[in-house]
Amino acid sequence: MFEIQFHPADIRKPVRYFFLSRAGARWLAVATVVVAITVIAGLTLAPLGLQGLMLTSEHRRLTHLNRMHFEVLSRRVASLDSLTKRTESTRALQRQISLVLGTNQEETGLHEVILPPPFVVHQPKAHEALDRGVALFTESSALLSLADDLSAFAREHQTLVLTVPSICPIAAGEFVLTSPFGERTSPFTNTRDFHAGLDLAARKGTPVMAAGDGHVVFAGRFPLRRNARWWRFGNAVVIRHGDNFLTIYAHLDEISVKRGHDVKRGRTIGTVGNSGWSTSPHLHYEVRALRDGTNEPVPVDPRIHILDHQWTGHEAMLIAARYAPRPDFDPLPSRLR
């Protein structure tokens with residue numbers, strides 16, 4: 001048995017006595033030790049708990065900031081995709097203009113491009129976007145250099161720029177391409193033959209425009225007795241553009257120019273019709289060009305010379321045009337030479 005006395009500070013108050021058995025004393029000792037350990041642990045862990053709360057708050061802030069950065073990165077990647085498509089389209093147009101004008105610009109003609117200093121990026125998606133941005137910067141700088149070269153060439157060869165056929169003879173939205181340039185099955189003989197131009201289906205009476213400045217060398221219909229193949233063109237207009245190009249507009253309904261007329265690019269020369277060998281109203285349009293070492297203008301894909309309309313498979317078409325062999329075609333009648 002243990003006795004515990006409690007003496008109050010006021011001597012007028014009585015002393016209090018508490019009696020504990022040995023088991024009670026042991027439980028009291030254990031409780032005291034537990035309370036002491038709890039207090040000591042609380043005092044020790046309190047700073048860690050406070051630090052944990054602060055870290056949790058910081059983690060939430062950084063997570064939110066990281067999410068915002070990813071959203072910004074996603075928008076930047078989308079912008080890169082859009083800019084890449086525009087750059088590719090511009091690059092294709094530059095190659096097309098270069099091919100039409102005969103400048104033959106090559107990559108070796110590019111000026112040296114000074115890149116911005118690199119910096120370290122650890123996030124893979126951001127690193128990929130950075131590499132794409134640098135590549136896009138290089139490509140756009142190269143395009144600016146090539147554009148300057150083309151501008152200089154155009155200033156020095158203004159006559160060529162005006163005369164080269166470069167627009168679609170029918171306004172955009174008013175035609176459908178029904179037969180492209182190249183090998184096809186003839187709708188009249190069901191045999192394979194070479195189609196030297198484009199067939200642009202349109203409503204009868206749709207205006208047909210000159211593709212470039214030039215001189216009308218034929219307007220009318222070829223006599224059957226002189227040239228059966230060209231007689232099949234029906235009402236046709238042939239325009240010579242300088243010394244390098246010649247365009248043919250066939251199956252017309254009405255013709256609004258005469259032989260000997262000088263025409264400007266965009267001038268109406270007739271209307272879409274169904275004359276000659278034709279199954280429905282359409283315009284048969286050809287572009288012929290003088291190649292090195294030839295005296296006879298050779299048919300080329302007219303789509304190459306149409307700069308105001310984007311065709312399906314544009315890039316493949318440009319590559320094919322650069323390396324296409326000379327096709328079999330009907331030569332010009334003697335009266336057009």
# chains A, B, ... in the order shown; residues from 1 in each chain; ligands from 1

call {"tool": "residues_around", "arguments": {"residues": "Ile239 in chain A", "least_positions_apart": "3", "cutoff": "7 Å", "atoms": "only C-alpha atoms", "output": "list in words"}}
result
Gly214, His215, Val216, Val217, Leu246, Thr247 and Ile248 of chain A

call {"tool": "residues_around", "arguments": {"residues": "Arg303 in chain A", "least_positions_apart": "2", "cutoff": "10 Å", "atoms": "only C-alpha atoms", "output": "VMD selection string"}}
result
chain A and resid 96 166 to 168 180 to 181 197 to 198 286 to 287 300 to 301 305 to 311 314 317 to 318 321

call {"tool": "residues_around", "arguments": {"residues": "Lys125 in chain A", "least_positions_apart": "2", "cutoff": "10 Å", "atoms": "only C-alpha atoms", "output": "list in words"}}
result
Phe70, Leu73, Ser74, Val77, Val121, His122, Gln123, His127, Glu128, Ala129, Leu130 and Asp131 of chain A

call {"tool": "write_last_selection", "arguments": {"atoms": "N, CA and C atoms", "output": "PDB file, in the first residue's frame"}}
result
ATOM      1  N   PHE A  70       1.505  22.343 -68.821  1.00  0.00           N
ATOM      2  CA  PHE A  70       1.181  21.340 -69.828  1.00  0.00           C
ATOM      3  C   PHE A  70       0.099  21.854 -70.775  1.00  0.00           C
ATOM      4  N   LEU A  73       1.875  24.146 -73.044  1.00  0.00           N
ATOM      5  CA  LEU A  73       2.690  23.356 -73.971  1.00  0.00           C
ATOM      6  C   LEU A  73       1.815  22.720 -75.053  1.00  0.00           C
ATOM      7  N   SER A  74       0.640  22.217 -74.662  1.00  0.00           N
ATOM      8  CA  SER A  74      -0.264  21.606 -75.641  1.00  0.00           C
ATOM      9  C   SER A  74      -0.719  22.631 -76.667  1.00  0.00           C
ATOM     10  N   VAL A  77       2.172  23.227 -78.979  1.00  0.00           N
ATOM     11  CA  VAL A  77       2.343  22.117 -79.915  1.00  0.00           C
ATOM     12  C   VAL A  77       1.294  22.206 -81.028  1.00  0.00           C
ATOM     13  N   VAL A 121      16.316  21.183 -71.743  1.00  0.00           N
ATOM     14  CA  VAL A 121      14.916  20.902 -71.420  1.00  0.00           C
ATOM     15  C   VAL A 121      14.825  19.429 -71.054  1.00  0.00           C
ATOM     16  N   HIS A 122      14.313  19.132 -69.861  1.00  0.00           N
ATOM     17  CA  HIS A 122      14.280  17.754 -69.379  1.00  0.00           C
ATOM     18  C   HIS A 122      12.963  17.052 -69.706  1.00  0.00           C
ATOM     19  N   GLN A 123      11.887  17.796 -69.871  1.00  0.00           N
ATOM     20  CA  GLN A 123      10.592  17.176 -70.157  1.00  0.00           C
ATOM     21  C   GLN A 123      10.585  16.701 -71.619  1.00  0.00           C
ATOM     22  N   HIS A 127      10.947  18.918 -74.920  1.00  0.00           N
ATOM     23  CA  HIS A 127      12.174  18.806 -75.718  1.00  0.00           C
ATOM     24  C   HIS A 127      11.844  18.553 -77.185  1.00  0.00           C
ATOM     25  N   GLU A 128      10.853  17.697 -77.419  1.00  0.00           N
ATOM     26  CA  GLU A 128      10.432  17.435 -78.799  1.00  0.00           C
ATOM     27  C   GLU A 128       9.868  18.701 -79.452  1.00  0.00           C
ATOM     28  N   ALA A 129       9.068  19.452 -78.684  1.00  0.00           N
ATOM     29  CA  ALA A 129       8.506  20.696 -79.220  1.00  0.00           C
ATOM     30  C   ALA A 129       9.615  21.695 -79.531  1.00  0.00           C
ATOM     31  N   LEU A 130      10.634  21.738 -78.688  1.00  0.00           N
ATOM     32  CA  LEU A 130      11.757  22.647 -78.929  1.00  0.00           C
ATOM     33  C   LEU A 130      12.492  22.270 -80.214  1.00  0.00           C
ATOM     34  N   ASP A 131      12.731  20.967 -80.415  1.00  0.00           N
ATOM     35  CA  ASP A 131      13.398  20.521 -81.637  1.00  0.00           C
ATOM     36  C   ASP A 131      12.562  20.876 -82.868  1.00  0.00           C
TER      37      ASP A 131
END

call {"tool": "residues_around", "arguments": {"residues": "Val161 in chain A", "least_positions_apart": "6", "cutoff": "9 Å", "atoms": "only C-alpha atoms", "output": "list in words"}}
result
Leu101, Ala154, Arg155 and Gly212 of chain A

call {"tool": "write_last_selection", "arguments": {"atoms": "C-alpha atoms", "output": "mmCIF file, in the first residue's frame"}}
result
data_model
loop_
_atom_site.group_PDB
_atom_site.id
_atom_site.type_symbol
_atom_site.label_atom_id
_atom_site.label_comp_id
_atom_site.auth_asym_id
_atom_site.auth_seq_id
_atom_site.Cartn_x
_atom_site.Cartn_y
_atom_site.Cartn_z
ATOM 1 C CA LEU A 101 9.503 30.258 -113.842
ATOM 2 C CA ALA A 154 10.668 38.357 -110.970
ATOM 3 C CA ARG A 155 11.925 41.955 -111.013
ATOM 4 C CA GLY A 212 -1.435 34.628 -118.835
#

call {"tool": "atom_distance", "arguments": {"atom1": "CA of Glu3 in chain A", "atom2": "CA of Ser21 in chain A"}}
result
8.8 Å

call {"tool": "atom_distance", "arguments": {"atom1": "CA of Met209 in chain A", "atom2": "CA of Ile269 in chain A"}}
result
5.6 Å

call {"tool": "select_by_dssp", "arguments": {"residues": "range 25-260 of chain A", "states": "alpha helix (DSSP H)", "output": "PyMOL selection string"}}
result
chain A and resi 25-101+124-156+158-163+228-231

call {"tool": "closest_residue", "arguments": {"among": "A:Asp243, A:Ser275, A:Asp148, A:Ser186", "to": "Gly220 in chain A", "atoms": "only C-alpha atoms"}}
result
A:Ser275

call {"tool": "select_by_dssp", "arguments": {"residues": "range 190-252 of chain A", "states": "strand (DSSP E)", "output": "VMD selection string"}}
result
chain A and resid 192 to 195 198 to 201 207 to 209 214 to 220 235 to 241 245 to 252

call {"tool": "write_last_selection", "arguments": {"atoms": "C-alpha atoms", "output": "mmCIF file, in the first residue's frame"}}
result
data_model
loop_
_atom_site.group_PDB
_atom_site.id
_atom_site.type_symbol
_atom_site.label_atom_id
_atom_site.label_comp_id
_atom_site.auth_asym_id
_atom_site.auth_seq_id
_atom_site.Cartn_x
_atom_site.Cartn_y
_atom_site.Cartn_z
ATOM 1 C CA ARG A 192 -5.367 3.568 -123.051
ATOM 2 C CA ASP A 193 -4.154 6.904 -124.394
ATOM 3 C CA PHE A 194 -2.263 9.967 -123.230
ATOM 4 C CA HIS A 195 -4.391 12.889 -122.055
ATOM 5 C CA LEU A 198 -7.066 18.743 -117.918
ATOM 6 C CA ASP A 199 -10.792 18.279 -118.384
ATOM 7 C CA LEU A 200 -12.620 20.777 -116.163
ATOM 8 C CA ALA A 201 -16.366 20.099 -116.078
ATOM 9 C CA PRO A 207 -16.480 32.158 -118.602
ATOM 10 C CA VAL A 208 -13.056 30.871 -119.671
ATOM 11 C CA MET A 209 -10.067 33.149 -118.951
ATOM 12 C CA GLY A 214 -0.213 36.375 -124.680
ATOM 13 C CA HIS A 215 -1.046 36.523 -128.368
ATOM 14 C CA VAL A 216 -3.977 34.615 -129.876
ATOM 15 C CA VAL A 217 -2.614 32.419 -132.685
ATOM 16 C CA PHE A 218 -5.842 30.541 -133.355
ATOM 17 C CA ALA A 219 -9.537 31.058 -132.608
ATOM 18 C CA GLY A 220 -12.199 28.861 -134.186
ATOM 19 C CA ASN A 235 -14.297 25.444 -130.892
ATOM 20 C CA ALA A 236 -10.816 26.213 -129.599
ATOM 21 C CA VAL A 237 -8.508 29.095 -128.735
ATOM 22 C CA VAL A 238 -4.732 28.792 -128.796
ATOM 23 C CA ILE A 239 -2.600 31.475 -127.104
ATOM 24 C CA ARG A 240 1.155 31.845 -127.353
ATOM 25 C CA HIS A 241 2.771 33.245 -124.200
ATOM 26 C CA PHE A 245 4.608 28.636 -123.489
ATOM 27 C CA LEU A 246 1.421 27.933 -125.395
ATOM 28 C CA THR A 247 -2.056 27.238 -123.950
ATOM 29 C CA ILE A 248 -5.025 25.487 -125.577
ATOM 30 C CA TYR A 249 -8.681 25.967 -124.597
ATOM 31 C CA ALA A 250 -10.975 23.465 -126.321
ATOM 32 C CA HIS A 251 -14.651 22.403 -126.580
ATOM 33 C CA LEU A 252 -15.767 26.028 -126.141
#
